[in-house]
Amino acid sequence: MGREEWDDQLVSRLSELHKEKDMKYVEEFGGLEGICKLLETDPRDGLPHDPIERAVEQRKSVFGENVLPRPPPKPLWFFLWEATKDPTLVILAIAAVISTLLGIFFEDEATGWIEGVAILIAISIVVLVTGLNDWSKDKKFRKLNEKKDDRQCTIRRGGETIQIQFTALVVGDVVSLETGEFVPADGLFLDGHNMRIDESAMTGETDAISKRSDKPFMLSGTKVMEGVGRYVVTSVGPHSQWGEIVTLLQEDDEGSTPLQEKLELIANLIGKVGVYSAVATFAALLLKYCIDLGTGDEVWDTGPSMELIVKFFVTAITILVVAVPEGLPLAVTISLAYSMMKMMRDQNLVRHLDACETMGGATNICSDKTGTLTENRMTVTQGWFGGRTFNNALPNKSDFTDEEFDALTVSICRNSTAQVYRASHDAPYEFVGNKTECALLVMCKEWGVDYEPIRTKFDAVQVLPFSSARKRMSAIIASPNGPKKYRLFTKGASEIVLKRCSKMLDHKNGVVSLSDAHCDRLIDDVITPMAASGLRTLTLAYRDLDSCPADGVEDGVEEDLVLLCIVGIKDPVRKEVPGAVAKCQRAGITVRMVTGDNILTAKHIARECGILTDDGIALEGPDFRKMTDDELFDIVERLQVLARSSPQDKHRLVRFLKMHNEVVAVTGDGTNDAPALREADVGFSMGIAGTEVAKDASDIILMDDNFNSIVKAVLWGRNVYDSIRKFVQFQLTVNVVALATAFISALSTGESVLTAVQLLWVNLIMDTFGALALATEPPAEEMLERPPYGRKDSLITPVMWKNILGQGFFQLIVLLIFTFAGHEIFGEEKFEPHSDDPSVHGTLIFNVFVFMQVFNEINARKISNDQRVFAGLLENPMFMGILIVTVILQVIMVQFGGKAIFTKGLTAGEWIACIVIGMISLPFGYLLRSTRLEEKYLNFRLKGIEDVEDEDASSETVPLAHMERGDSGYYPSNINDEVQRALGEIPPADPTGRHHATDKGLDSPRKKLTFRQAGHVIMAANRFRVAGSWNALNLRNRARSHSSGASLFKATDTSSRSSVRSTGSSGHSHGD
């Protein structure tokens, strides 16, 4: 039996094994041994060593590759066809066809068709550009999804343990699995300890299934919930059970993100305005024509008159096309796709789209320590061995007795699943598996001990795996030469293992008793100093047993242990982390460390990272669990370190913060972290150290396990939100001007001065080009110099409304001047409605309109009062390219468009005039940003008089901007919504690092505020930010619900007791 039997029938038979899950089918092959022989693989060493490459290729050709079937990519024509289904474009196309036919039959056959055909060509261009954009977006997302599904597994080939991609797995490979990993292909269980598999994704069975020799069936796509084990692969890719049903499990396109939902609301509102404008324009044009017919200014002629009415209809529909903001979803899609690709370069693999934008509003980051804040390059630097402490250097082999050395090395090598290797004698060790175990293996290597022979000699008969709840792991080996039949080796958290020890292996006296007093001295003299210096402590112990406990039995086994050693493992802080933490804190984000380590180690690392401050609180998990929600509320603002925490502690902290309106990001690497990762607004799993279960539960995978990458995710998240706001600001300005100009000119002259083709070109500039230009702006570091935006922040801030309405007013005035007096200013013939020939006057109006949009697109790069609209402009080639292309196409259309575009060539002087007038948008934008109209709006919204009974209160009413340090006062219970709507963009900090003080004495960049309601403190440590010449509140309300109508707030460092009143309103207090 062997390779000569490899055929399609064998592939089918192996696949059937896992459908029936009946051992009789396995026995037909001669059992597991017969299947391994048939597949020419060794149960211990995997595929034959010579030659590996040829063996792999042969298996791929017969049994297939471990690649799951995917739906084929959609072709370009599919997206083009989807783009033609836009109902407004369909209506416009029908109207254009009617216009063309009427022009041919009732006007000059040589020219009557031009306008209708021009509209159809313009529609075709819109469809082509939209289809190309969607096609490009689809390709990018498919590429990202392929990267997202990249996973690795550990296998044996040719007697060597290696890691490969899931997709490189072949039939006959022997795969090693640990808790938290995914089963990469169908196969049969060989050996392991306490392995339990979650098969709910495949079978619907909610209980974890135990795997053993009589229940060996392993299904791809399932998860290892407990234990360790190995299995041989029998079916891969489309022949596996997961592959056969994968088409039914293909994920649909992700639903709308919160930002897209906000945009849909705006789009619907604008669309309704567009419909009303289109109907009003058509009605106005028709009414004007009917009046002209009644007065005799016009004469009814069926053909031309019907064509004119159709032209009115075309103009109205074109206005609707311009008004419908199809560019909004395009902009958010482009921005998200662009950000996801860039985030990939910054080591953030985004699994869920909404995570991009959500990170922009993050207010809390709960971070793991190991690997995220530290390098995860573990090294044993100190130790206690047999009663002796080694602080400066580790002991040599000669410092141990044979009994000590044998017990220690077998404990380290056998009670471990990690691997270490190096390419050459001088190269650093490469770690595979748990990094703490790797550090111990390297220590053995330095003593000249290789772990592979020990693992071969002492096979583990049972393993009690590590878990976050147990904080230890054990392995039991047969010990024929020992005092008893079996020996259990345990390692884990020092205080957990030490309290289970009743003896110790002394260097001079062998095994001696270990008293409680001696244990306390070890904690005080060994463990505490190590932890206080930032070392991770680990305790190793053993116990001899008469018999091996039943599989999975833990109770009473890991007791009465013999203490072997206590080691201190150094894991240095990543050099970039303190700076990254400081950036988060300047950005208004609270960083907390949540770790399973000793509290002294955690505090030392937290201080080194800049997380733990002098007034910060560090808690241990047991103390945290005892606290009520009210007690936790009182300290959560200052809670910066949670040590010796369980996954349940992390989950509770995340849920508590979210209940109080925080936007929480969490990191996690273990299987037990999955609940917290799912509960968080954004879950970050570790790409290197993370289990597959943790990755599956997360929104973003940190490919480098580095905290600094989280900060980059925050930056990109804020950039996504800002980019969309920029585009909305630009688009609404064009909308306001285009709709108002078309309507007013139609009402006054009987025809829109902007033709259907011209409006379609403006629509292209506004939607597709605008989205490409503004949605691909790179982020600026200054985005991290302001507080996060809130969950319920309005997408359009008062500053943006000021810019939209201000620019809209300016542009509308310019266009109306051109419409009614432009012919006199330039000495050209006046635009005549219903004329068949284009005029210079009409062309000037169109040209000025476009150039005002071109220069206002530069203004739109800032959605705050920041005057630096040219900052970084040359660093954005997409933006510059869009501007250049727009100008070139505009020149071509004006000079050579003729009747098709309804333009007439302009002189050099007229071109200069159009460009100069368009450029006025820039200084006018500067003027708008220099005003502080939104402050007046803020003061208007927040001032008012209400009598509230309070001993500190007076009846004085003062605007918020007039408040001084030490002032206290009442604010309405919905102040958060009011401030967010009124405040808009909070000015960035001064780039020099100095914060501007106002003349009111507010000279600190942040003041802690205490918010009181009905006499009870409900909110603490909110930021009071002073920047520029006005005071902005970032009110992130963590309050519990109360029903009082008004709330008192005051600065905690009050130096005066003057009170300020503001209108109160009933209801609960809400905020972000």
# chains A, B, ... in the order shown; residues from 1 in each chain; ligands from 1

call {"tool": "residues_around", "arguments": {"residues": "Phe826 in chain A", "least_positions_apart": "3", "cutoff": "10 Å", "atoms": "only C-alpha atoms", "output": "tab-separated table (two decimals) with all heavy atoms, in the first residue's frame"}}
result
chain	number	residue	atom	x	y	z
A	818	PHE	N	-22.13	88.07	-12.50
A	818	PHE	CA	-21.76	87.66	-13.86
A	818	PHE	C	-23.00	87.42	-14.71
A	818	PHE	O	-23.01	87.74	-15.90
A	818	PHE	CB	-20.90	86.39	-13.80
A	818	PHE	CG	-19.42	86.66	-13.88
A	818	PHE	CD1	-18.76	87.28	-12.83
A	818	PHE	CD2	-18.70	86.31	-15.00
A	818	PHE	CE1	-17.41	87.54	-12.91
A	818	PHE	CE2	-17.33	86.57	-15.09
A	818	PHE	CZ	-16.68	87.18	-14.04
A	821	ALA	N	-24.68	91.14	-15.08
A	821	ALA	CA	-23.86	92.28	-15.51
A	821	ALA	C	-22.56	91.87	-16.18
A	821	ALA	O	-21.78	92.73	-16.61
A	821	ALA	CB	-23.55	93.18	-14.30
A	822	GLY	N	-22.32	90.58	-16.29
A	822	GLY	CA	-21.06	90.11	-16.85
A	822	GLY	C	-20.85	90.54	-18.29
A	822	GLY	O	-19.72	90.87	-18.69
A	823	HIS	N	-21.93	90.58	-19.09
A	823	HIS	CA	-21.78	90.98	-20.49
A	823	HIS	C	-21.33	92.43	-20.61
A	823	HIS	O	-20.59	92.79	-21.53
A	823	HIS	CB	-23.10	90.76	-21.23
A	823	HIS	CG	-24.25	91.55	-20.69
A	823	HIS	ND1	-24.81	91.29	-19.44
A	823	HIS	CD2	-24.94	92.61	-21.19
A	823	HIS	CE1	-25.80	92.13	-19.21
A	823	HIS	NE2	-25.89	92.96	-20.27
A	829	GLU	N	-21.64	89.98	-25.88
A	829	GLU	CA	-23.07	89.87	-26.12
A	829	GLU	C	-23.72	89.12	-24.97
A	829	GLU	O	-23.19	88.13	-24.46
A	829	GLU	CB	-23.31	89.11	-27.43
A	829	GLU	CG	-24.77	89.06	-27.85
A	829	GLU	CD	-24.95	88.36	-29.19
A	829	GLU	OE1	-23.97	88.25	-29.95
A	829	GLU	OE2	-26.08	87.90	-29.45
A	840	VAL	N	-20.10	83.90	-25.27
A	840	VAL	CA	-18.96	84.14	-24.38
A	840	VAL	C	-19.46	84.44	-22.97
A	840	VAL	O	-18.87	83.99	-21.97
A	840	VAL	CB	-18.11	85.32	-24.91
A	840	VAL	CG1	-17.06	85.72	-23.88
A	840	VAL	CG2	-17.45	84.94	-26.23
A	841	HIS	N	-20.57	85.16	-22.87
A	841	HIS	CA	-21.13	85.51	-21.57
A	841	HIS	C	-21.46	84.24	-20.75
A	841	HIS	O	-21.06	84.10	-19.59
A	841	HIS	CB	-22.40	86.37	-21.78
A	841	HIS	CG	-23.03	86.80	-20.49
A	841	HIS	ND1	-24.36	87.13	-20.39
A	841	HIS	CD2	-22.52	86.96	-19.24
A	841	HIS	CE1	-24.63	87.48	-19.15
A	841	HIS	NE2	-23.53	87.38	-18.43
A	844	LEU	N	-18.28	82.44	-19.70
A	844	LEU	CA	-17.61	83.08	-18.56
A	844	LEU	C	-18.24	82.66	-17.23
A	844	LEU	O	-17.53	82.39	-16.26
A	844	LEU	CB	-17.69	84.61	-18.71
A	844	LEU	CG	-16.77	85.23	-19.76
A	844	LEU	CD1	-17.15	86.69	-20.01
A	844	LEU	CD2	-15.30	85.14	-19.31
A	909	GLY	N	-7.17	87.43	-21.89
A	909	GLY	CA	-7.61	88.34	-20.82
A	909	GLY	C	-8.79	87.79	-20.06
A	909	GLY	O	-8.87	87.90	-18.82
A	910	GLU	N	-9.71	87.16	-20.78
A	910	GLU	CA	-10.89	86.60	-20.12
A	910	GLU	C	-10.50	85.39	-19.26
A	910	GLU	O	-11.05	85.19	-18.17
A	910	GLU	CB	-11.93	86.19	-21.17
A	910	GLU	CG	-12.58	87.41	-21.83
A	910	GLU	CD	-13.36	87.06	-23.10
A	910	GLU	OE1	-13.10	85.99	-23.68
A	910	GLU	OE2	-14.21	87.87	-23.49
A	913	ALA	N	-8.97	86.75	-16.10
A	913	ALA	CA	-10.03	87.29	-15.24
A	913	ALA	C	-10.76	86.17	-14.50
A	913	ALA	O	-11.02	86.26	-13.29
A	913	ALA	CB	-11.02	88.10	-16.07

call {"tool": "select_by_dssp", "arguments": {"residues": "range 438-547 of chain A", "states": "helix (DSSP H, G or I)", "output": "PyMOL selection string"}}
result
chain A and resi 438-446+451-457+494-498+516-532

call {"tool": "write_last_selection", "arguments": {"atoms": "C-alpha atoms", "output": "PDB file, in the first residue's frame"}}
result
ATOM      1  CA  CYS A 438      11.906  30.092  24.825  1.00  0.00           C
ATOM      2  CA  ALA A 439      13.930  32.113  27.348  1.00  0.00           C
ATOM      3  CA  LEU A 440      14.225  29.036  29.586  1.00  0.00           C
ATOM      4  CA  LEU A 441      15.238  26.849  26.609  1.00  0.00           C
ATOM      5  CA  VAL A 442      17.977  29.359  25.681  1.00  0.00           C
ATOM      6  CA  MET A 443      19.270  29.129  29.266  1.00  0.00           C
ATOM      7  CA  CYS A 444      19.491  25.349  28.822  1.00  0.00           C
ATOM      8  CA  LYS A 445      21.256  25.823  25.475  1.00  0.00           C
ATOM      9  CA  GLU A 446      23.836  28.015  27.226  1.00  0.00           C
ATOM     10  CA  TYR A 451      15.853  19.934  24.524  1.00  0.00           C
ATOM     11  CA  GLU A 452      15.002  17.566  21.630  1.00  0.00           C
ATOM     12  CA  PRO A 453      16.718  14.411  23.075  1.00  0.00           C
ATOM     13  CA  ILE A 454      15.100  15.082  26.456  1.00  0.00           C
ATOM     14  CA  ARG A 455      11.658  15.361  24.878  1.00  0.00           C
ATOM     15  CA  THR A 456      12.256  12.151  22.970  1.00  0.00           C
ATOM     16  CA  LYS A 457      13.460  10.284  26.066  1.00  0.00           C
ATOM     17  CA  SER A 494       5.646  32.795  41.313  1.00  0.00           C
ATOM     18  CA  GLU A 495       3.125  33.494  44.083  1.00  0.00           C
ATOM     19  CA  ILE A 496       0.707  30.927  42.616  1.00  0.00           C
ATOM     20  CA  VAL A 497       3.208  28.063  42.411  1.00  0.00           C
ATOM     21  CA  LEU A 498       5.142  28.972  45.569  1.00  0.00           C
ATOM     22  CA  ASP A 516       5.453  29.343  55.434  1.00  0.00           C
ATOM     23  CA  ALA A 517       7.994  31.694  57.007  1.00  0.00           C
ATOM     24  CA  HIS A 518      10.605  30.621  54.466  1.00  0.00           C
ATOM     25  CA  CYS A 519       8.070  31.200  51.671  1.00  0.00           C
ATOM     26  CA  ASP A 520       7.434  34.716  52.991  1.00  0.00           C
ATOM     27  CA  ARG A 521      11.196  35.388  53.026  1.00  0.00           C
ATOM     28  CA  LEU A 522      11.458  34.191  49.432  1.00  0.00           C
ATOM     29  CA  ILE A 523       8.666  36.576  48.443  1.00  0.00           C
ATOM     30  CA  ASP A 524      10.293  39.499  50.284  1.00  0.00           C
ATOM     31  CA  ASP A 525      13.935  38.786  49.432  1.00  0.00           C
ATOM     32  CA  VAL A 526      13.725  37.222  45.956  1.00  0.00           C
ATOM     33  CA  ILE A 527      10.413  37.719  44.155  1.00  0.00           C
ATOM     34  CA  THR A 528       9.666  41.293  45.256  1.00  0.00           C
ATOM     35  CA  PRO A 529      13.097  42.758  44.363  1.00  0.00           C
ATOM     36  CA  MET A 530      12.997  41.027  40.972  1.00  0.00           C
ATOM     37  CA  ALA A 531       9.479  42.293  40.252  1.00  0.00           C
ATOM     38  CA  ALA A 532      10.269  45.786  41.499  1.00  0.00           C
TER      39      ALA A 532
END

call {"tool": "atom_distance", "arguments": {"atom1": "CA of Asn706 in chain A", "atom2": "CA of Arg607 in chain A"}}
result
17.7 Å

call {"tool": "closest_residue", "arguments": {"among": "A:Met195, A:Val183, A:Leu816, A:Val654", "to": "Ala208 in chain A", "atoms": "only C-alpha atoms"}}
result
A:Met195

call {"tool": "atom_distance", "arguments": {"atom1": "CA of Glu199 in chain A", "atom2": "CA of Ser220 in chain A"}}
result
9.2 Å

call {"tool": "closest_residue", "arguments": {"among": "A:Arg59, A:Ile197, A:Ala362, A:Leu408", "to": "Thr234 in chain A", "atoms": "only C-alpha atoms"}}
result
A:Arg59

call {"tool": "residues_around", "arguments": {"residues": "Arg470 in chain A", "least_positions_apart": "6", "cutoff": "12 Å", "atoms": "only C-alpha atoms", "output": "JSON, numbers by chain"}}
result
{"A": [464, 490, 491, 492, 493, 495, 496, 497, 554, 555, 558, 596, 644, 645, 646, 647, 672]}

call {"tool": "write_last_selection", "arguments": {"atoms": "all heavy atoms", "output": "CSV table (one decimal), in the first residue's frame"}}
result
chain,number,residue,atom,x,y,z
A,464,LEU,N,-1.2,19.3,31.7
A,464,LEU,CA,-2.2,20.3,32.2
A,464,LEU,C,-1.9,21.6,31.6
A,464,LEU,O,-1.0,22.3,32.1
A,464,LEU,CB,-2.2,20.3,33.7
A,464,LEU,CG,-2.5,18.9,34.4
A,464,LEU,CD1,-2.3,19.0,35.9
A,464,LEU,CD2,-3.8,18.3,34.0
A,490,THR,N,5.9,21.5,37.2
A,490,THR,CA,5.0,22.6,37.2
A,490,THR,C,5.8,23.9,37.0
A,490,THR,O,6.9,24.0,37.7
A,490,THR,CB,4.1,22.7,38.4
A,490,THR,OG1,3.3,21.5,38.5
A,490,THR,CG2,3.2,23.9,38.4
A,491,LYS,N,5.3,24.8,36.3
A,491,LYS,CA,5.9,26.2,36.2
A,491,LYS,C,4.7,27.2,36.1
A,491,LYS,O,3.7,26.9,35.5
A,491,LYS,CB,6.9,26.3,35.1
A,491,LYS,CG,6.3,26.4,33.7
A,491,LYS,CD,7.3,26.8,32.7
A,491,LYS,CE,6.8,26.9,31.3
A,491,LYS,NZ,6.4,25.6,30.6
A,492,GLY,N,5.0,28.4,36.6
A,492,GLY,CA,3.9,29.4,36.5
A,492,GLY,C,4.2,30.6,37.3
A,492,GLY,O,5.4,30.8,37.8
A,493,ALA,N,3.2,31.4,37.5
A,493,ALA,CA,3.3,32.7,38.3
A,493,ALA,C,3.9,32.4,39.7
A,493,ALA,O,3.4,31.4,40.4
A,493,ALA,CB,2.0,33.4,38.4
A,495,GLU,N,3.9,33.6,42.9
A,495,GLU,CA,3.1,33.5,44.1
A,495,GLU,C,2.1,32.4,44.0
A,495,GLU,O,1.7,31.8,45.0
A,495,GLU,CB,2.4,34.8,44.4
A,495,GLU,CG,1.4,35.3,43.4
A,495,GLU,CD,2.1,36.2,42.3
A,495,GLU,OE1,3.3,36.0,42.0
A,495,GLU,OE2,1.4,37.1,41.8
A,496,ILE,N,1.7,32.0,42.8
A,496,ILE,CA,0.7,30.9,42.6
A,496,ILE,C,1.4,29.6,42.9
A,496,ILE,O,0.8,28.7,43.6
A,496,ILE,CB,0.1,30.9,41.2
A,496,ILE,CG1,-0.6,32.3,40.9
A,496,ILE,CG2,-0.9,29.8,41.0
A,496,ILE,CD1,-1.8,32.6,41.7
A,497,VAL,N,2.5,29.4,42.3
A,497,VAL,CA,3.2,28.1,42.4
A,497,VAL,C,3.8,27.9,43.8
A,497,VAL,O,3.8,26.9,44.4
A,497,VAL,CB,4.3,27.9,41.3
A,497,VAL,CG1,5.1,26.6,41.5
A,497,VAL,CG2,3.6,27.9,39.9
A,554,GLU,N,-7.3,17.8,37.6
A,554,GLU,CA,-6.4,18.7,38.1
A,554,GLU,C,-6.4,18.8,39.6
A,554,GLU,O,-5.4,19.1,40.2
A,554,GLU,CB,-6.7,20.1,37.5
A,554,GLU,CG,-6.6,20.2,36.0
A,554,GLU,CD,-6.9,21.6,35.5
A,554,GLU,OE1,-7.0,22.5,36.4
A,554,GLU,OE2,-7.1,21.8,34.3
A,555,ASP,N,-7.5,18.6,40.2
A,555,ASP,CA,-7.7,18.7,41.7
A,555,ASP,C,-6.7,17.9,42.4
A,555,ASP,O,-6.6,16.6,42.2
A,555,ASP,CB,-9.1,18.4,42.1
A,555,ASP,CG,-10.1,19.4,41.5
A,555,ASP,OD1,-9.7,20.5,41.1
A,555,ASP,OD2,-11.3,19.0,41.5
A,558,GLU,N,-1.5,19.3,41.6
A,558,GLU,CA,-0.4,20.3,41.7
A,558,GLU,C,-0.3,20.8,43.1
A,558,GLU,O,-0.4,22.1,43.3
A,558,GLU,CB,-0.7,21.4,40.6
A,558,GLU,CG,-0.7,20.9,39.2
A,558,GLU,CD,-1.4,21.9,38.2
A,558,GLU,OE1,-2.5,22.4,38.6
A,558,GLU,OE2,-0.8,22.2,37.2
A,596,GLY,N,-1.3,40.1,33.4
A,596,GLY,CA,-1.4,39.1,34.3
A,596,GLY,C,-0.2,39.0,35.2
A,596,GLY,O,-0.1,38.2,36.1
A,644,ARG,N,-2.1,41.1,37.7
A,644,ARG,CA,-2.7,39.8,38.1
A,644,ARG,C,-4.2,39.7,37.7
A,644,ARG,O,-5.0,39.2,38.5
A,644,ARG,CB,-2.5,39.6,39.6
A,644,ARG,CG,-1.1,39.2,40.0
A,644,ARG,CD,-0.8,37.8,39.6
A,644,ARG,NE,0.6,37.3,39.8
A,644,ARG,CZ,1.4,37.0,38.8
A,644,ARG,NH1,1.0,37.1,37.6
A,644,ARG,NH2,2.6,36.6,39.1
A,645,SER,N,-4.5,40.2,36.6
A,645,SER,CA,-5.9,40.3,36.1
A,645,SER,C,-6.2,39.0,35.4
A,645,SER,O,-5.4,38.4,34.7
A,645,SER,CB,-6.1,41.5,35.3
A,645,SER,OG,-5.4,41.4,34.1
A,646,SER,N,-7.5,38.7,35.4
A,646,SER,CA,-8.0,37.6,34.7
A,646,SER,C,-8.7,38.1,33.4
A,646,SER,O,-9.0,39.3,33.3
A,646,SER,CB,-9.0,36.8,35.5
A,646,SER,OG,-10.2,37.6,35.7
A,647,PRO,N,-9.0,37.3,32.4
A,647,PRO,CA,-9.8,37.8,31.3
A,647,PRO,C,-11.1,38.3,31.6
A,647,PRO,O,-11.6,39.3,31.0
A,647,PRO,CB,-9.9,36.5,30.4
A,647,PRO,CG,-8.8,35.6,30.8
A,647,PRO,CD,-8.6,35.9,32.3
A,672,ASN,N,-8.6,33.4,25.9
A,672,ASN,CA,-9.5,33.9,26.9
A,672,ASN,C,-9.7,35.4,26.8
A,672,ASN,O,-10.5,36.0,27.5
A,672,ASN,CB,-9.0,33.6,28.3
A,672,ASN,CG,-9.1,32.1,28.6
A,672,ASN,OD1,-10.0,31.4,28.1
A,672,ASN,ND2,-8.3,31.6,29.5

call {"tool": "closest_residue", "arguments": {"among": "A:Leu101, A:Val174, A:Leu120, A:Leu76", "to": "Cys36 in chain A", "atoms": "only C-alpha atoms"}}
result
A:Val174
